[in-house]
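Source file query.cif; content: mmCIF, C-alpha atoms.
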```
data_structure
loop_
_atom_site.label_atom_id
_atom_site.label_comp_id
_atom_site.auth_asym_id
_atom_site.auth_seq_id
_atom_site.Cartn_x
_atom_site.Cartn_y
_atom_site.Cartn_z
CA MET A 620 134.95 47.99 -36.06
CA THR A 621 132.88 51.06 -36.84
CA ILE A 622 131.27 53.46 -34.42
CA GLY A 623 127.87 51.89 -35.07
CA ASP A 624 129.14 48.68 -33.46
CA PHE A 625 128.94 50.37 -30.07
CA VAL A 626 125.36 51.57 -30.42
CA ALA A 627 122.26 49.51 -29.53
CA LYS A 628 120.57 47.86 -32.51
CA ALA A 629 117.27 47.23 -30.75
CA ALA A 630 114.64 49.82 -29.89
CA LYS A 631 114.23 50.66 -26.22
CA PRO A 632 112.29 47.97 -24.36
CA LEU A 633 108.76 48.54 -23.09
CA PRO A 634 108.36 45.86 -20.40
CA VAL A 635 104.92 44.50 -19.51
CA ILE A 636 104.74 42.17 -16.53
CA VAL A 637 101.57 40.28 -15.67
CA LEU A 638 101.11 39.15 -12.05
CA ALA A 639 98.47 36.47 -12.34
CA ASP A 640 96.56 34.84 -9.51
CA VAL A 641 96.37 31.12 -10.34
CA SER A 642 95.00 30.01 -6.96
CA GLY A 643 92.37 27.26 -6.78
CA SER A 644 89.42 29.65 -7.04
CA MET A 645 90.54 30.71 -10.52
CA ALA A 646 89.58 27.22 -11.70
CA GLN A 647 85.89 28.09 -11.22
CA ASP A 648 83.54 29.64 -13.76
CA GLY A 649 85.99 29.39 -16.66
CA LYS A 650 88.32 32.09 -15.28
CA ILE A 651 91.62 30.26 -15.83
CA GLU A 652 90.57 29.30 -19.36
CA ALA A 653 89.71 32.93 -20.08
CA LEU A 654 93.06 34.03 -18.70
CA ASN A 655 94.89 31.48 -20.86
CA ASP A 656 93.05 32.67 -23.96
CA ALA A 657 93.61 36.33 -23.09
CA LEU A 658 97.34 35.84 -22.60
CA LYS A 659 97.63 33.95 -25.87
CA SER A 660 95.91 36.80 -27.72
CA MET A 661 98.07 39.37 -25.95
CA VAL A 662 101.28 37.59 -26.98
CA SER A 663 100.14 37.32 -30.56
CA SER A 664 99.13 41.01 -30.75
CA PHE A 665 102.37 42.17 -29.15
CA ALA A 666 104.39 39.96 -31.49
CA GLU A 667 102.70 41.47 -34.53
CA GLU A 668 103.41 45.01 -33.35
CA GLY A 669 106.20 46.81 -35.21
CA ARG A 670 109.33 47.56 -33.20
CA LEU A 671 109.93 51.01 -34.58
CA ASN A 672 109.69 53.12 -31.43
CA ALA A 673 109.79 50.50 -28.70
CA GLU A 674 110.22 46.76 -28.34
CA ILE A 675 107.42 45.30 -26.22
CA GLN A 676 108.64 42.68 -23.77
CA LEU A 677 106.30 40.43 -21.83
CA GLY A 678 106.84 38.60 -18.56
CA LEU A 679 104.38 36.49 -16.56
CA ILE A 680 104.66 35.80 -12.84
CA THR A 681 102.04 33.44 -11.43
CA PHE A 682 101.08 32.96 -7.82
CA GLY A 683 99.16 29.90 -6.63
CA MET A 684 100.70 26.74 -5.29
CA THR A 685 104.03 28.54 -5.80
CA VAL A 686 105.27 31.88 -7.11
CA ARG A 687 107.10 31.37 -10.37
CA ASP A 688 108.33 33.16 -13.47
CA HIS A 689 105.97 31.39 -15.82
CA LEU A 690 107.41 33.46 -18.65
CA PRO A 691 110.66 35.34 -18.03
CA LEU A 692 110.67 38.84 -19.52
CA THR A 693 111.09 38.21 -23.26
CA PRO A 694 110.72 40.35 -26.41
CA ALA A 695 107.19 39.59 -27.60
CA HIS A 696 108.29 38.73 -31.13
CA LYS A 697 110.50 35.97 -29.71
CA ILE A 698 107.83 34.26 -27.62
CA ASP A 699 106.88 30.90 -29.13
CA GLY A 700 103.91 30.42 -26.86
CA ILE A 701 102.98 30.37 -23.21
CA GLN A 702 102.52 27.11 -21.38
CA ARG A 703 98.90 26.92 -20.25
CA LEU A 704 98.20 27.96 -16.68
CA ASP A 705 96.60 25.62 -14.14
CA ALA A 706 94.78 26.94 -11.11
CA ASN A 707 95.40 25.44 -7.70
CA GLY A 708 96.68 26.32 -4.26
CA PRO A 709 96.48 29.46 -2.10
CA THR A 710 97.02 33.15 -3.04
CA PRO A 711 100.62 34.11 -2.06
CA MET A 712 100.31 37.65 -3.37
CA GLY A 713 103.00 39.03 -1.02
CA ALA A 714 105.61 36.65 -2.39
CA ALA A 715 104.58 37.66 -5.91
CA PHE A 716 105.08 41.34 -5.00
CA ASP A 717 108.58 40.55 -3.75
CA ARG A 718 109.37 38.73 -6.98
CA VAL A 719 108.19 41.57 -9.20
CA THR A 720 110.10 44.11 -7.08
CA GLN A 721 113.26 42.01 -7.51
CA LEU A 722 112.68 41.90 -11.25
CA LEU A 723 112.05 45.65 -11.61
CA GLU A 724 115.15 46.47 -9.59
CA ASP A 725 117.37 44.23 -11.75
CA LYS A 726 119.20 46.52 -14.20
CA GLU A 727 120.55 43.56 -16.13
CA ILE A 728 117.02 42.44 -17.00
CA ILE A 729 115.38 45.88 -17.24
CA PRO A 730 118.05 48.42 -18.21
CA SER A 731 117.78 52.13 -17.53
CA ARG A 732 117.11 52.79 -21.21
CA ALA A 733 113.83 50.86 -20.93
CA TYR A 734 110.61 52.79 -20.97
CA ARG A 735 108.64 52.79 -17.74
CA PRO A 736 107.36 49.22 -17.22
CA VAL A 737 103.72 48.28 -16.84
CA VAL A 738 102.76 45.78 -14.12
CA ILE A 739 99.29 44.23 -14.29
CA LEU A 740 97.92 42.46 -11.23
CA LEU A 741 94.83 40.31 -11.49
CA SER A 742 93.24 38.41 -8.68
CA ASP A 743 89.91 36.93 -7.64
CA GLY A 744 90.65 36.41 -3.96
CA HIS A 745 92.29 37.48 -0.75
CA PRO A 746 96.06 37.19 -0.18
CA THR A 747 96.93 34.18 1.97
CA ASP A 748 100.36 35.47 2.99
CA ASP A 749 101.54 38.75 4.49
CA MET A 750 101.44 41.20 1.62
CA ARG A 751 101.79 44.54 3.47
CA GLY A 752 105.58 44.41 3.81
CA PRO A 753 106.15 43.21 0.23
CA PHE A 754 103.76 45.84 -1.09
CA GLU A 755 105.53 48.61 0.81
CA ARG A 756 108.85 47.42 -0.62
CA LEU A 757 107.36 47.48 -4.13
CA ALA A 758 105.79 50.91 -3.69
CA SER A 759 108.83 52.52 -2.08
CA SER A 760 111.82 50.97 -3.79
CA GLU A 761 113.84 53.24 -6.03
CA ARG A 762 113.04 51.80 -9.44
CA ALA A 763 110.14 49.42 -8.89
CA SER A 764 108.00 52.24 -7.53
CA LYS A 765 108.23 54.02 -10.90
CA ALA A 766 106.47 51.27 -12.83
CA THR A 767 102.88 51.88 -13.90
CA ARG A 768 100.69 49.51 -11.88
CA LEU A 769 97.24 48.39 -12.99
CA SER A 770 94.94 45.95 -11.30
CA LEU A 771 91.93 43.86 -12.22
CA SER A 772 89.50 42.65 -9.60
CA ILE A 773 87.82 39.45 -10.75
CA GLY A 774 84.41 38.55 -9.33
CA SER A 775 82.85 39.48 -6.03
CA ASP A 776 85.34 37.68 -3.73
CA ALA A 777 88.39 39.72 -4.73
CA ASN A 778 90.01 41.91 -2.11
CA GLU A 779 89.23 45.28 -3.65
CA ALA A 780 91.12 47.31 -1.05
CA VAL A 781 94.38 45.51 -1.79
CA LEU A 782 93.91 45.79 -5.53
CA ARG A 783 92.96 49.46 -5.32
CA ASP A 784 96.08 50.21 -3.26
CA PHE A 785 98.18 48.38 -5.83
CA SER A 786 97.12 50.58 -8.71
CA ASN A 787 99.05 53.83 -9.05
CA ASP A 788 97.35 55.09 -12.17
CA PRO A 789 95.02 57.94 -11.11
CA GLU A 790 93.07 57.56 -14.35
CA ALA A 791 92.45 53.89 -13.66
CA PRO A 792 92.31 53.16 -9.92
CA LEU A 793 90.86 49.67 -10.34
CA PHE A 794 89.26 47.65 -13.11
CA PHE A 795 86.52 45.10 -12.48
CA ALA A 796 85.82 41.86 -14.31
CA HIS A 797 82.43 40.43 -13.54
CA ASP A 798 83.03 37.19 -15.37
CA ALA A 799 85.48 35.27 -17.52
CA LYS A 800 84.50 37.23 -20.63
CA ASP A 801 85.58 40.46 -18.97
CA ILE A 802 89.08 39.04 -18.37
CA ARG A 803 89.41 38.80 -22.16
CA ASN A 804 87.97 42.30 -22.58
CA PHE A 805 90.42 43.72 -20.06
CA PHE A 806 93.42 42.08 -21.68
CA ARG A 807 92.28 43.28 -25.09
CA ALA A 808 92.05 46.86 -23.78
CA VAL A 809 95.46 46.69 -22.10
CA THR A 810 96.98 45.19 -25.24
CA MET A 811 95.61 48.05 -27.36
CA SER A 812 96.91 50.63 -24.89
CA VAL A 813 100.41 49.09 -24.75
CA CYS A 814 100.55 48.77 -28.55
CA ALA A 815 99.53 52.43 -28.88
CA ARG A 816 102.29 53.38 -26.44
CA SER A 817 104.85 51.36 -28.37
CA ARG A 818 103.89 53.13 -31.61
CA SER A 819 103.92 56.57 -30.00
CA ALA A 820 106.84 58.95 -30.39
CA LYS A 821 106.79 59.18 -26.58
CA PRO A 822 106.34 55.64 -25.30
CA ASN A 823 106.64 56.78 -21.68
CA SER A 824 103.40 58.71 -21.91
CA PRO A 825 100.37 56.79 -20.66
CA VAL A 826 97.64 55.88 -23.11
CA LYS A 827 94.09 55.59 -21.86
CA ILE A 828 92.76 52.06 -21.40
CA GLU A 829 89.42 51.76 -23.16
CA TYR A 830 88.03 48.87 -21.13
CA ARG A 831 84.34 48.16 -21.41
CA PRO A 832 83.23 45.32 -19.16
CA GLY A 833 80.32 43.37 -20.55
CA ASP A 834 81.42 43.64 -24.18
CA ASP A 835 80.69 40.53 -26.16
CA ASP A 836 83.46 39.25 -28.45
CA ASP A 837 81.01 38.25 -31.15
CA ASP A 838 79.37 41.64 -31.10
CA LEU A 839 82.55 43.68 -31.56
CA LEU A 840 83.30 45.12 -34.98
CA GLU A 841 86.95 45.67 -33.97
CA LEU A 842 87.16 49.12 -35.51
CA ASP A 843 90.14 51.25 -34.58
CA LEU A 844 88.31 54.55 -34.07
CA MET B 509 145.49 73.60 -28.14
CA ARG B 510 142.04 72.11 -28.26
CA ARG B 511 139.56 71.54 -31.02
CA PHE B 512 135.84 71.26 -30.51
CA PHE B 513 133.51 69.24 -32.70
CA SER B 514 129.80 69.40 -32.13
CA ALA B 515 126.42 68.39 -33.51
CA SER B 516 122.85 68.90 -32.36
CA VAL B 517 120.10 67.33 -34.41
CA ILE B 518 116.37 67.21 -33.92
CA GLY B 519 114.97 63.76 -33.08
CA PRO B 520 112.49 62.02 -35.39
CA GLY B 521 109.94 62.09 -32.56
CA HIS B 522 110.09 65.86 -32.41
CA VAL B 523 110.00 66.16 -36.19
CA SER B 524 106.79 64.15 -36.33
CA ASP B 525 105.28 66.24 -33.50
CA GLY B 526 106.31 69.49 -35.18
CA LEU B 527 108.51 70.44 -32.22
CA PRO B 528 111.84 72.27 -32.42
CA ASN B 529 115.16 70.86 -31.25
CA GLN B 530 115.00 71.13 -27.45
CA ASP B 531 118.70 70.38 -26.97
CA TYR B 532 121.37 73.03 -27.09
CA GLN B 533 125.14 72.89 -27.17
CA LEU B 534 127.76 75.56 -26.79
CA HIS B 535 131.55 75.56 -26.80
CA ARG B 536 133.77 78.58 -26.40
CA GLN B 537 137.43 79.35 -25.92
CA ALA B 538 138.82 82.52 -24.40
CA GLN B 539 142.36 83.39 -23.51
CA HIS B 540 142.11 82.23 -19.93
CA CYS B 541 139.59 79.39 -20.13
CA TRP B 542 137.39 77.20 -22.32
CA CYS B 543 133.96 75.74 -21.81
CA ALA B 544 131.65 73.13 -23.35
CA VAL B 545 128.00 72.69 -22.42
CA VAL B 546 125.16 70.40 -23.49
CA CYS B 547 121.62 70.95 -22.28
CA ASP B 548 118.53 68.85 -22.94
CA GLY B 549 115.20 70.62 -22.56
CA MET B 550 112.52 68.47 -20.97
CA GLY B 551 110.17 67.44 -23.76
CA SER B 552 106.99 67.84 -21.76
CA ARG B 553 107.66 71.53 -20.97
CA PRO B 554 106.55 74.08 -23.57
CA ASP B 555 109.60 76.35 -23.48
CA SER B 556 112.32 73.83 -22.74
CA GLY B 557 114.06 74.62 -26.04
CA ILE B 558 114.53 78.18 -24.80
CA GLY B 559 115.46 76.88 -21.36
CA SER B 560 118.29 74.74 -22.74
CA ARG B 561 119.62 77.57 -24.91
CA GLU B 562 119.57 80.10 -22.08
CA ALA B 563 121.16 77.65 -19.66
CA ALA B 564 124.15 77.09 -21.95
CA LYS B 565 124.55 80.84 -22.44
CA ALA B 566 124.25 81.48 -18.69
CA VAL B 567 127.01 78.95 -18.02
CA TRP B 568 129.42 80.65 -20.41
CA ALA B 569 128.59 84.11 -19.08
CA SER B 570 129.30 82.87 -15.55
CA VAL B 571 132.52 80.95 -16.09
CA LYS B 572 134.01 83.88 -17.98
CA SER B 573 133.62 86.06 -14.95
CA LEU B 574 134.44 83.61 -12.14
CA PRO B 575 137.81 82.41 -10.85
CA PHE B 576 138.46 78.78 -11.79
CA ASP B 577 138.69 77.67 -8.15
CA VAL B 578 135.28 79.04 -7.20
CA PRO B 579 133.32 76.62 -4.96
CA ASP B 580 130.82 74.33 -6.73
CA LYS B 581 127.94 75.99 -4.94
CA VAL B 582 128.89 79.48 -6.09
CA LEU B 583 129.37 78.24 -9.65
CA VAL B 584 125.91 76.65 -9.76
CA GLN B 585 124.22 79.56 -7.98
CA THR B 586 125.76 82.07 -10.38
CA PHE B 587 124.59 80.55 -13.62
CA TYR B 588 121.30 79.22 -12.19
CA GLN B 589 120.42 82.75 -11.13
CA GLY B 590 121.58 84.10 -14.47
CA TRP B 591 119.31 81.59 -16.20
CA LEU B 592 116.32 82.54 -14.02
CA GLN B 593 116.86 86.24 -14.67
CA GLN B 594 117.04 85.71 -18.40
CA LEU B 595 113.85 83.64 -18.36
CA LYS B 596 112.16 86.43 -16.42
CA LEU B 597 113.15 88.92 -19.12
CA LEU B 598 111.64 86.57 -21.68
CA ASN B 599 108.51 86.22 -19.55
CA ILE B 600 108.93 82.46 -19.26
CA GLY B 601 108.41 80.49 -16.05
CA ALA B 602 111.25 78.23 -14.96
CA ALA B 603 108.87 75.27 -14.70
CA ASP B 604 108.06 75.70 -18.41
CA ALA B 605 111.72 75.71 -19.42
CA VAL B 606 113.19 72.76 -17.50
CA THR B 607 116.50 71.55 -18.85
CA THR B 608 119.37 69.28 -17.92
CA CYS B 609 122.84 70.79 -17.82
CA LEU B 610 126.26 69.25 -18.31
CA LEU B 611 129.19 71.64 -18.38
CA VAL B 612 132.93 71.25 -18.59
CA TRP B 613 135.06 74.28 -17.75
CA GLY B 614 138.75 74.09 -18.50
CA LEU B 615 142.04 75.95 -18.40
CA PRO B 616 144.57 76.29 -21.23
CA ASP B 617 146.83 73.68 -19.54
CA GLY B 618 144.11 71.02 -19.87
CA ARG B 619 142.83 70.95 -16.30
CA PHE B 620 139.07 70.93 -16.16
CA ARG B 621 136.13 70.74 -13.79
CA TYR B 622 132.60 69.64 -14.54
CA ALA B 623 129.10 70.04 -13.16
CA HIS B 624 126.24 67.80 -14.21
CA LEU B 625 122.50 67.93 -13.46
CA GLY B 626 120.03 65.41 -14.85
CA ASP B 627 120.64 62.84 -17.53
CA GLY B 628 123.25 62.82 -20.28
CA LEU B 629 126.82 61.61 -20.07
CA LEU B 630 130.37 62.88 -19.80
CA ALA B 631 132.89 60.32 -21.04
CA SER B 632 136.35 59.84 -22.42
CA PRO B 633 138.12 56.98 -24.22
CA ARG B 634 139.03 55.78 -20.71
CA GLY B 635 135.40 55.41 -19.69
CA VAL B 636 132.48 57.16 -18.05
CA ILE B 637 133.31 60.31 -16.07
CA SER B 638 129.82 61.42 -15.04
CA GLU B 639 126.45 59.84 -15.63
CA CYS B 640 122.95 60.10 -14.28
CA GLU B 641 122.11 57.95 -11.26
CA ASP B 642 120.86 54.63 -12.52
CA GLU B 643 117.68 54.24 -10.46
CA ARG B 644 115.38 55.32 -13.22
CA PHE B 645 113.88 54.47 -16.56
CA SER B 646 114.27 56.18 -19.91
CA ASN B 647 113.32 59.88 -20.19
CA GLU B 648 113.04 60.49 -16.46
CA THR B 649 115.26 63.24 -15.20
CA THR B 650 115.65 66.38 -13.16
CA GLY B 651 116.93 69.73 -14.35
CA LEU B 652 117.16 73.48 -13.92
CA GLY B 653 113.65 74.64 -13.08
CA ILE B 654 113.03 71.60 -10.86
CA SER B 655 116.19 71.08 -8.82
CA ARG B 656 116.73 73.21 -5.72
CA GLN B 657 119.58 71.29 -4.10
CA LEU B 658 123.28 71.19 -4.70
CA SER B 659 123.20 67.46 -3.92
CA ASP B 660 121.25 66.90 -7.17
CA TRP B 661 124.46 67.78 -9.04
CA ARG B 662 127.53 65.72 -9.75
CA PHE B 663 130.88 67.49 -9.73
CA GLY B 664 134.44 66.53 -10.51
CA VAL B 665 137.83 67.70 -11.68
CA GLY B 666 140.48 66.23 -13.96
CA SER B 667 143.07 66.85 -16.58
CA LEU B 668 142.62 66.14 -20.28
CA LYS B 669 145.89 64.23 -20.47
CA ASP B 670 144.54 61.74 -17.90
CA TYR B 671 141.53 61.03 -20.09
CA GLY B 672 143.22 60.24 -23.39
CA GLY B 673 143.11 63.89 -24.47
CA CYS B 674 139.43 63.74 -25.27
CA LEU B 675 136.15 64.50 -23.50
CA VAL B 676 132.72 63.83 -24.94
CA LEU B 677 129.56 65.48 -23.64
CA MET B 678 126.27 63.92 -24.77
CA THR B 679 122.57 64.26 -24.15
CA ASP B 680 120.58 61.12 -23.39
CA GLY B 681 119.40 60.81 -27.00
CA ILE B 682 122.88 59.44 -27.61
CA SER B 683 124.09 58.14 -24.27
CA GLU B 684 121.11 55.85 -23.59
CA ASP B 685 121.77 53.86 -26.74
CA LEU B 686 125.47 53.20 -26.17
CA THR B 687 126.45 49.60 -25.54
CA ASP B 688 130.13 50.35 -24.86
CA VAL B 689 130.86 53.92 -23.80
CA SER B 690 134.67 53.64 -23.82
CA ALA B 691 134.80 51.99 -27.22
CA PHE B 692 132.32 54.48 -28.69
CA THR B 693 134.27 57.44 -27.33
CA ALA B 694 137.64 56.03 -28.42
CA CYS B 695 136.29 55.40 -31.91
CA LEU B 696 134.87 58.93 -32.02
CA ALA B 697 138.19 60.46 -30.90
CA GLY B 698 140.19 58.35 -33.36
CA THR B 699 137.95 59.27 -36.29
CA LEU B 700 137.82 62.99 -35.55
CA LYS B 701 141.56 63.20 -35.01
CA THR B 702 142.13 62.85 -38.75
CA LYS B 703 139.41 65.25 -39.86
CA SER B 704 139.31 68.98 -40.38
CA TYR B 705 136.82 70.98 -38.32
CA ARG B 706 134.37 71.24 -41.20
CA VAL B 707 134.58 67.58 -42.26
CA GLY B 708 134.48 66.42 -38.64
CA LYS B 709 131.36 68.44 -37.93
CA ARG B 710 129.65 67.07 -41.02
CA TRP B 711 130.60 63.54 -40.01
CA LEU B 712 129.18 64.04 -36.49
CA ASN B 713 125.97 65.46 -37.91
CA ARG B 714 125.59 62.47 -40.19
CA LEU B 715 126.23 60.08 -37.29
CA CYS B 716 123.46 61.72 -35.27
CA ASN B 717 121.02 61.93 -38.16
CA ASP B 718 121.60 58.33 -39.24
CA TRP B 719 121.60 56.98 -35.70
CA PRO B 720 121.64 53.15 -35.89
CA THR B 721 119.19 52.37 -33.07
CA PRO B 722 115.74 51.48 -34.40
CA GLY B 723 112.98 53.73 -33.14
CA HIS B 724 115.28 56.42 -31.78
CA SER B 725 113.18 59.51 -31.26
CA ASP B 726 115.09 61.95 -29.03
CA ASP B 727 117.08 65.01 -30.07
CA LYS B 728 120.80 64.21 -30.14
CA THR B 729 123.53 66.55 -29.06
CA ILE B 730 127.23 65.95 -28.68
CA VAL B 731 130.34 68.02 -28.08
CA VAL B 732 133.80 66.52 -28.44
CA VAL B 733 136.71 68.33 -26.79
CA HIS B 734 139.86 67.15 -28.46
CA CYS B 735 143.38 67.90 -27.26
CA LEU B 736 145.85 68.34 -30.09
#
```

As structure tokens, how would this structure be written, given the file I've shared?
Amino acid sequence: MTIGDFVAKAAKPLPVIVLADVSGSMAQDGKIEALNDALKSMVSSFAEEGRLNAEIQLGLITFGMTVRDHLPLTPAHKIDGIQRLDANGPTPMGAAFDRVTQLLEDKEIIPSRAYRPVVILLSDGHPTDDMRGPFERLASSERASKATRLSLSIGSDANEAVLRDFSNDPEAPLFFAHDAKDIRNFFRAVTMSVCARSRSAKPNSPVKIEYRPGDDDDDLLELDL
Amino acid sequence: MRRFFSASVIGPGHVSDGLPNQDYQLHRQAQHCWCAVVCDGMGSRPDSGIGSREAAKAVWASVKSLPFDVPDKVLVQTFYQGWLQQLKLLNIGAADAVTTCLLVWGLPDGRFRYAHLGDGLLASPRGVISECEDERFSNETTGLGISRQLSDWRFGVGSLKDYGGCLVLMTDGISEDLTDVSAFTACLAGTLKTKSYRVGKRWLNRLCNDWPTPGHSDDKTIVVVHCL
């Protein structure tokens, strides 16, 4: 045994956890299809990212008919693919908050050497369970409260107050998606921001999210300016 | 008799940003006591490199002049105030010079006491002696210039012979990447035991410069107190 055998061989993790509303209303207007496409692109971009300064890990918690770990937190380069999401059922956002709090507090899954996690909530509706208590637990618990929280309000029926409270990034109190296309735009912007963080010498520092709702995929030149 | 081996190297992240090493280490022996200190200046503060240097110096200046059984509070107050006064002379605000502080203060017979604020690690081949509370993520810490409470500190006492004759003080650039603290420390102690001061120091420097964790970016500082 040499001394190097007792030193980590992987870069520090940068966990990204998506909390996705997959209630019945997400089946309308192509939203669930857009979310499936956006997640697929996100996985593929994260997987291509070098792991020099940080190893991006992705987890997906869905809330609809049930709350489940659709994708347990996994290094992006090891994700084979994400099973497509189906939309049905109510919006148990409170139970999803409890699940993400549990995950963020688990030092076996997210060790202390990890960079500050990013939690992304997206929803197009109103919570159908009690979410106040779970949210307070998330926002006040020792470790979970330190995660960067972003939220995306989809369409006009989303509960903006809840989503605005969820976000703790003063630069980005709440993002809006007017249609399915904007879900893709938002995920593209978040992906670029996370990748920039992972390449940075200081992956804990926030990187601005350059989200432009209304952008058209076909019109983008995809220049890294 | 004790030997001290130490290394403090600038992290690749600071090299690429054109920043100096913000860690500082110091070890001293006098007739009546010895002392080892590692300090890690908070990267986001402009003068944290000076803060870490002055903190280590303030610790040594204080322990030299204090009785070994001084209460923890008096110990901390003495060098904290010394640090603040020195920063004032340098015209630097404490908030611009935030630094962690881990000190071990010992007697010739091997008894020691420690005080620890912020991240970093004190360990021996027997295991962890003092570490930062675990409710955090990487690069989040407190330090001199932020902390105002004694309860932010961790204190303890011991004897070198109860810890395998070896103590290792590290900043988080090293400690956060360890997968097995006891094994790492035992391996370190075993390797250095056979080396001269000069060769041992070179070996430690090489270990820190060629750190095996991909993407490591922090400054790395280590002091090994070795009982002969």

Need the shell around range 791-794 of chain A: protein/DNA/RNA residues with any atom at most 7 Å away, counting only C-alpha atoms. Skip same-chain ones fewer than 2 positions apart. Format as an MDAnalysis selection string? chainID A and resid 770:772 782:783 786:789 796

Between CA of Pro632 in chain A and CA of Ile680 in chain A, what distance in Å does the model show, to one decimal?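 Result for CA of Pro632 in chain A versus CA of Ile680 in chain A: 18.4 Å, one decimal.
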
Enumerate, as a count of residues only, the residues matched when the PyMOL selection byres ((chain B) within 9 of (chain A)) is run on the file above. 33

Using the chain letters and numbers from this file, what does the PyMOL selection byres ((chain B and resi 567-582) around 8) select? Give the answer as number ranges by chain. B: 536, 541, 543, 545, 563-566, 583-587, 590, 611, 613, 623, 658, 663

Counting only C-alpha atoms, the option among A:Leu690, A:Ala777, A:Met661, A:Val637 closest to Pro746 in chain A: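 Going through A:Leu690, A:Ala777, A:Met661, A:Val637 one by one, the smallest distance to Pro746 in chain A is for A:Ala777.
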
Quick one, how far is CA of Leu595 in chain B from CA of Gly653 in chain B?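 If I compute the distance from CA of Leu595 in chain B to CA of Gly653 in chain B, I get 10.4 Å.
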
Evaluating the PyMOL selection byres ((chain B and resi 617) around 12) on the displayed file yields which residues, as an MDAnalysis selection string? chainID B and resid 509:510 539:542 613:616 618:620 666:669 673 735:736

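The spacing separating CA of Val635 in chain A from CA of Leu677 in chain A amounts to 4.9 Å.
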
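Residues having any atom no farther than 9 Å from (135.4, 62.5, -29.7) (counting all atoms listed in the file) are Phe512, Phe513, Ser632, Pro633, Cys674, Leu675, Val676, Leu677, Phe692, Thr693, Ala694, Cys695, Leu696, Ala697, Gly698, Thr699, Leu700, Lys701, Ile730, Val731, Val732, Val733 and His734 of chain B.
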
Residues near Leu630 in chain B, anyone? I mean within 7 Å using all atoms listed in the file, not counting same-chain ones fewer than 5 positions away, as a ChimeraX atom specification. /B:636-639,676-678

Residue selection dump (C-alpha atoms) as a PDB file, in the coordinates of the input:
```pdb
ATOM      1  CA  VAL B 636     132.480  57.160 -18.050  1.00  0.00           C
ATOM      2  CA  ILE B 637     133.310  60.310 -16.070  1.00  0.00           C
ATOM      3  CA  SER B 638     129.820  61.420 -15.040  1.00  0.00           C
ATOM      4  CA  GLU B 639     126.450  59.840 -15.630  1.00  0.00           C
ATOM      5  CA  VAL B 676     132.720  63.830 -24.940  1.00  0.00           C
ATOM      6  CA  LEU B 677     129.560  65.480 -23.640  1.00  0.00           C
ATOM      7  CA  MET B 678     126.270  63.920 -24.770  1.00  0.00           C
TER       8      MET B 678
END
```

Nearby residues (all atoms listed in the file) at most 10 Å from range 638-650 of chain A, same-chain spacing under 4 positions excluded, as JSON, numbers by chain: {"A": [654, 655, 656, 678, 679, 680, 681, 682, 683, 684, 685, 686, 687, 688, 689, 704, 705, 706, 707, 708, 709, 710, 711, 712, 715, 716, 718, 719, 738, 739, 740, 741, 742, 743, 744, 746, 770, 771, 773, 774, 776, 798, 799, 800, 801, 802, 803]}

Those same residues - C-alpha atoms - I'd like them written as a compact mmCIF listing (two decimals), in the frame of the given file.
```
# COMPACT_ATOMS: atom_id res chain seq x y z
CA LEU A 654 93.06 34.03 -18.70
CA ASN A 655 94.89 31.48 -20.86
CA ASP A 656 93.05 32.67 -23.96
CA GLY A 678 106.84 38.60 -18.56
CA LEU A 679 104.38 36.49 -16.56
CA ILE A 680 104.66 35.80 -12.84
CA THR A 681 102.04 33.44 -11.43
CA PHE A 682 101.08 32.96 -7.82
CA GLY A 683 99.16 29.90 -6.63
CA MET A 684 100.70 26.74 -5.29
CA THR A 685 104.03 28.54 -5.80
CA VAL A 686 105.27 31.88 -7.11
CA ARG A 687 107.10 31.37 -10.37
CA ASP A 688 108.33 33.16 -13.47
CA HIS A 689 105.97 31.39 -15.82
CA LEU A 704 98.20 27.96 -16.68
CA ASP A 705 96.60 25.62 -14.14
CA ALA A 706 94.78 26.94 -11.11
CA ASN A 707 95.40 25.44 -7.70
CA GLY A 708 96.68 26.32 -4.26
CA PRO A 709 96.48 29.46 -2.10
CA THR A 710 97.02 33.15 -3.04
CA PRO A 711 100.62 34.11 -2.06
CA MET A 712 100.31 37.65 -3.37
CA ALA A 715 104.58 37.66 -5.91
CA PHE A 716 105.08 41.34 -5.00
CA ARG A 718 109.37 38.73 -6.98
CA VAL A 719 108.19 41.57 -9.20
CA VAL A 738 102.76 45.78 -14.12
CA ILE A 739 99.29 44.23 -14.29
CA LEU A 740 97.92 42.46 -11.23
CA LEU A 741 94.83 40.31 -11.49
CA SER A 742 93.24 38.41 -8.68
CA ASP A 743 89.91 36.93 -7.64
CA GLY A 744 90.65 36.41 -3.96
CA PRO A 746 96.06 37.19 -0.18
CA SER A 770 94.94 45.95 -11.30
CA LEU A 771 91.93 43.86 -12.22
CA ILE A 773 87.82 39.45 -10.75
CA GLY A 774 84.41 38.55 -9.33
CA ASP A 776 85.34 37.68 -3.73
CA ASP A 798 83.03 37.19 -15.37
CA ALA A 799 85.48 35.27 -17.52
CA LYS A 800 84.50 37.23 -20.63
CA ASP A 801 85.58 40.46 -18.97
CA ILE A 802 89.08 39.04 -18.37
CA ARG A 803 89.41 38.80 -22.16
```

Please put the answer as AutoDock Vina command-line options: centre and edge lengths, in Å with one decimal, of a box along x, y and z that encloses all listed atoms of range 638-657 of chain B plus 5 Å on each side.
```
--center_x 121.4 --center_y 64.4 --center_z -12.1 --size_x 26.8 --size_y 30.4 --size_z 26.1
```

Taking 4 positions as the minimum chain separation for residues in the same chain, which residues sit within 8 Å of Asp717 in chain A when counting all atoms listed in the file? Answer as a CSV table (one decimal) with C-alpha atoms, in the coordinates of the input.
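Wrote selection-v8.csv, looks like this:
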```csv
chain,number,residue,atom,x,y,z
A,713,GLY,CA,103.0,39.0,-1.0
A,721,GLN,CA,113.3,42.0,-7.5
A,753,PRO,CA,106.2,43.2,0.2
A,754,PHE,CA,103.8,45.8,-1.1
A,756,ARG,CA,108.8,47.4,-0.6
A,757,LEU,CA,107.4,47.5,-4.1
```
